[in-house]
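Student: Structure incoming, see below.
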Amino acid sequence: VVTEISNDLIGIQQVDFEYTSSNTNSLYFAKEGDDLVMHTNEPGEVEITITAKYQTLTAESKINVTVEETVIASGVSVQEAVEAEVGEEVQVEGIVSSSLVNQDGFYIVDETGILAIKTTTDNLKDIHQGDKVVVKGTRINYQGSKGNKECNVGQICINDAEIVANYYGNNEYSTASFKEATLEELLALDTLEHHTHEAYIVTATINFEDYTYYSMYSIKDGSSSMNLYCANGGQYSFLKPYSGQKVKMEIALCNWSNKDVFPGCVISIILEDGTKVYNELNLAK
């Protein structure tokens, strides 16, 4: 927990914080090296008192929390979920890599692949990039109401997913299943084959187009161009600083709208120092 704050902008230096628990059997604070760490134990109701001290001033705030029984849950791998029968209920686990775009949900990743998880906006309120989650829902090949359903096999996803457990944590997702590819190679993939459970590492230029009634993003490399799936360009606002730049990125192929070529969904931009800028559109910040 935070034990000291300074803010040059408002001219305050070293505000000290102290924490006490009304029920140390359920929740307590302990010094570990230079850090003060909050621990939970048995289930129960707790009132946390936070005291802020600055020079001769003192302020106090109270927070009521409930410590609940830990949910121990696990699920199958992403690849096992992908291979499940269409219509089968599956429970799958993985790391939240990024948000879906123009769909309520997120991608999970493990060593075996990437999988789109469609859920409700309420379920998304507490889902963060890097969380380890276990979700349960129906394995489907989603095909939208428009477009040409005969030219593609749809979007592999877990539909109507519920969050069985969220173990949180700032986890790095595995890129073991991600493939290096050119934009030309991705555009040549057959939409009558399943590729929406695959992620790729591509180098291309971010292209933003702004029109009177809508805006959109695409990625370009030479004469090859791939649209990014969205309702409007604002859904990819995290790409704005990179518009016109050639960058390395992680993308998932998607086909929610029955197209005869795969649109892309950017998972992250990979900066030159290896830092990733994630697509967190639907996710809690």
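Going through the structure tokens in order, the chains are called A, B, and so on, while each chain numbers its residues from 1 and the ligands are numbered from 1 in the order shown.
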Would you please give, as a PyMOL selection string, all residues of stretch 141-219 of chain A that DSSP assigns to alpha helix (DSSP H) based on the backbone?

Tutor: chain A and resi 183-187

Student: For those residues, write C-alpha atoms to a file as a PDB file, in the first residue's frame.

Tutor:
```
ATOM      1  CA  LEU A 183       0.725  -8.274 -44.254  1.00  0.00           C
ATOM      2  CA  GLU A 184       0.623  -9.832 -47.713  1.00  0.00           C
ATOM      3  CA  GLU A 185       0.684 -13.321 -46.189  1.00  0.00           C
ATOM      4  CA  LEU A 186      -2.196 -12.498 -43.829  1.00  0.00           C
ATOM      5  CA  LEU A 187      -4.339 -11.068 -46.606  1.00  0.00           C
TER       6      LEU A 187
END
```

Student: Residues of stretch 47-177 of chain A classed as strand (DSSP E or B) by DSSP on the backbone are to be reported as an MDAnalysis selection string.

Tutor: chainID A and resid 47:54 57:67 76 89:99 105:110 113:118 132:142 155:168

Student: Mind checking which residues fall within 10 Å of A:Val37, counting only C-alpha atoms, ignoring those fewer than 4 positions away in the same chain, and posting them as a list in words?

Tutor: Val1, Val2, Tyr28, Phe29, Ala30, Lys31, Glu32 and Gly33 of chain A

Student: What's around stretch 249-266 of chain A at 7 Å? Count only C-alpha atoms, leave out sequence neighbours fewer than 3 positions away in its own chain, and write the answer as a VMD selection string.

Tutor: chain A and resid 142 to 144 146 to 149 151 to 152 154 to 155 187 191 195 to 196 198 to 203 226 to 229 269 to 270 279

Student: Would you save the residues from that selection as a PDB file, in the first residue's frame, using C-alpha atoms?

Tutor:
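Saved the output as out39.pdb:
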```pdb
ATOM      1  CA  TYR A 142     -19.848 -16.390 -34.409  1.00  0.00           C
ATOM      2  CA  GLN A 143     -21.297 -15.052 -37.659  1.00  0.00           C
ATOM      3  CA  GLY A 144     -22.914 -11.633 -37.735  1.00  0.00           C
ATOM      4  CA  LYS A 146     -24.746  -9.028 -42.262  1.00  0.00           C
ATOM      5  CA  GLY A 147     -22.231  -9.899 -44.931  1.00  0.00           C
ATOM      6  CA  ASN A 148     -21.743 -13.122 -46.832  1.00  0.00           C
ATOM      7  CA  LYS A 149     -21.840 -16.096 -44.464  1.00  0.00           C
ATOM      8  CA  CYS A 151     -17.463 -16.960 -47.719  1.00  0.00           C
ATOM      9  CA  ASN A 152     -16.162 -17.580 -44.180  1.00  0.00           C
ATOM     10  CA  GLY A 154     -16.937 -17.172 -38.648  1.00  0.00           C
ATOM     11  CA  GLN A 155     -15.190 -16.014 -35.497  1.00  0.00           C
ATOM     12  CA  LEU A 187      -4.339 -11.068 -46.606  1.00  0.00           C
ATOM     13  CA  THR A 191     -11.585 -17.194 -44.708  1.00  0.00           C
ATOM     14  CA  HIS A 195      -7.543 -18.386 -38.334  1.00  0.00           C
ATOM     15  CA  THR A 196      -9.352 -16.258 -35.749  1.00  0.00           C
ATOM     16  CA  GLU A 198      -4.241 -17.050 -34.159  1.00  0.00           C
ATOM     17  CA  ALA A 199      -2.090 -14.011 -33.398  1.00  0.00           C
ATOM     18  CA  TYR A 200       0.682 -12.569 -35.524  1.00  0.00           C
ATOM     19  CA  ILE A 201       3.595 -10.168 -35.213  1.00  0.00           C
ATOM     20  CA  VAL A 202       3.573  -7.752 -38.142  1.00  0.00           C
ATOM     21  CA  THR A 203       5.486  -4.637 -39.118  1.00  0.00           C
ATOM     22  CA  MET A 226      -5.674  -4.466 -44.022  1.00  0.00           C
ATOM     23  CA  ASN A 227      -8.612  -2.756 -42.337  1.00  0.00           C
ATOM     24  CA  LEU A 228      -8.802  -2.876 -38.549  1.00  0.00           C
ATOM     25  CA  TYR A 229     -12.188  -4.092 -37.344  1.00  0.00           C
ATOM     26  CA  ILE A 269       2.172  -1.865 -30.388  1.00  0.00           C
ATOM     27  CA  ILE A 270       5.751  -2.990 -29.652  1.00  0.00           C
ATOM     28  CA  ASN A 279      -5.359  -2.111 -26.624  1.00  0.00           C
TER      29      ASN A 279
END
```

Student: Could you name the residues that touch A:Leu283 at 8 Å or less, counting only C-alpha atoms, but leaving out those on the same chain fewer than 6 positions away, as an mmCIF file with N, CA and C atoms, in the first residue's frame?

Tutor:
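The result, stored in out_23.cif:
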```
data_model
loop_
_atom_site.group_PDB
_atom_site.id
_atom_site.type_symbol
_atom_site.label_atom_id
_atom_site.label_comp_id
_atom_site.auth_asym_id
_atom_site.auth_seq_id
_atom_site.Cartn_x
_atom_site.Cartn_y
_atom_site.Cartn_z
ATOM 1 N N SER A 98 -5.687 -8.215 -24.156
ATOM 2 C CA SER A 98 -6.171 -6.955 -24.710
ATOM 3 C C SER A 98 -7.682 -7.017 -24.840
ATOM 4 N N SER A 99 -8.239 -5.887 -25.274
ATOM 5 C CA SER A 99 -9.681 -5.784 -25.464
ATOM 6 C C SER A 99 -10.088 -6.258 -26.854
ATOM 7 N N PHE A 106 -12.886 -9.524 -24.462
ATOM 8 C CA PHE A 106 -11.433 -9.417 -24.410
ATOM 9 C C PHE A 106 -10.811 -10.685 -24.988
ATOM 10 N N LEU A 124 -17.006 -6.756 -17.552
ATOM 11 C CA LEU A 124 -15.762 -6.101 -17.968
ATOM 12 C C LEU A 124 -15.278 -5.050 -16.978
ATOM 13 N N LYS A 125 -16.132 -4.648 -16.049
ATOM 14 C CA LYS A 125 -15.784 -3.547 -15.146
ATOM 15 C C LYS A 125 -14.565 -3.848 -14.282
ATOM 16 N N ASP A 126 -14.285 -5.120 -14.054
ATOM 17 C CA ASP A 126 -13.174 -5.477 -13.168
ATOM 18 C C ASP A 126 -12.135 -6.348 -13.872
ATOM 19 N N ILE A 127 -12.090 -6.256 -15.204
ATOM 20 C CA ILE A 127 -11.115 -7.014 -15.982
ATOM 21 C C ILE A 127 -10.029 -6.061 -16.470
ATOM 22 N N HIS A 128 -8.777 -6.389 -16.141
ATOM 23 C CA HIS A 128 -7.642 -5.546 -16.501
ATOM 24 C C HIS A 128 -6.700 -6.296 -17.429
ATOM 25 N N GLN A 129 -5.990 -5.556 -18.228
ATOM 26 C CA GLN A 129 -4.929 -6.158 -19.027
ATOM 27 C C GLN A 129 -3.939 -6.821 -18.075
#
```

Student: Within 8 Å of stretch 73-76 of chain A, counting only C-alpha atoms, which residues show up once you throw out same-chain ones fewer than 2 positions away? Write them as JSON, numbers by chain, please.

Tutor: {"A": [71, 78, 80, 81, 90, 91, 92, 93, 134, 135, 164, 165]}

Student: Quick one: distance from atom CA of A:Tyr278 to atom CA of A:Pro241 in Å, one decimal?

Tutor: 12.9 Å

Student: List the neighbours of A:Ser97 out to 10 Å using only C-alpha atoms; skip same-chain residues closer than 5 positions along the sequence, and give me the result as a list of chain:residue names.

Tutor: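 Once the nearby chain positions are removed, what remains is A:Phe106, A:Tyr107, A:Ile108, A:Val109, A:Asp110, A:Ile114, A:Leu115, A:His128, A:Gln129, A:Gly130, A:Asp131, A:Lys132, A:Asn171, A:Glu172, A:Tyr173, A:Ser174, A:Ile267, A:Ser268, A:Tyr278, A:Asn279, A:Glu280.
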
Student: Would you compute the distance between atom CA of A:Glu60 and atom CA of A:Thr20? Give it in Å to one decimal.

Tutor: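 Interatomic distance here is 11.0 Å.
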
Student: Separation of atom CA of A:Asn282 and atom CA of A:Gly137, in Å?

Tutor: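 We find that atom CA of A:Asn282 and atom CA of A:Gly137 lie 18.8 Å from each other.
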
Student: Pick from A:Val86, A:Leu9, A:Leu189, A:Val96: nearest to A:Asn159, with only C-alpha atoms counted?

Tutor: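 Using only C-alpha atoms, the shortest distance to A:Asn159 belongs to A:Val86.
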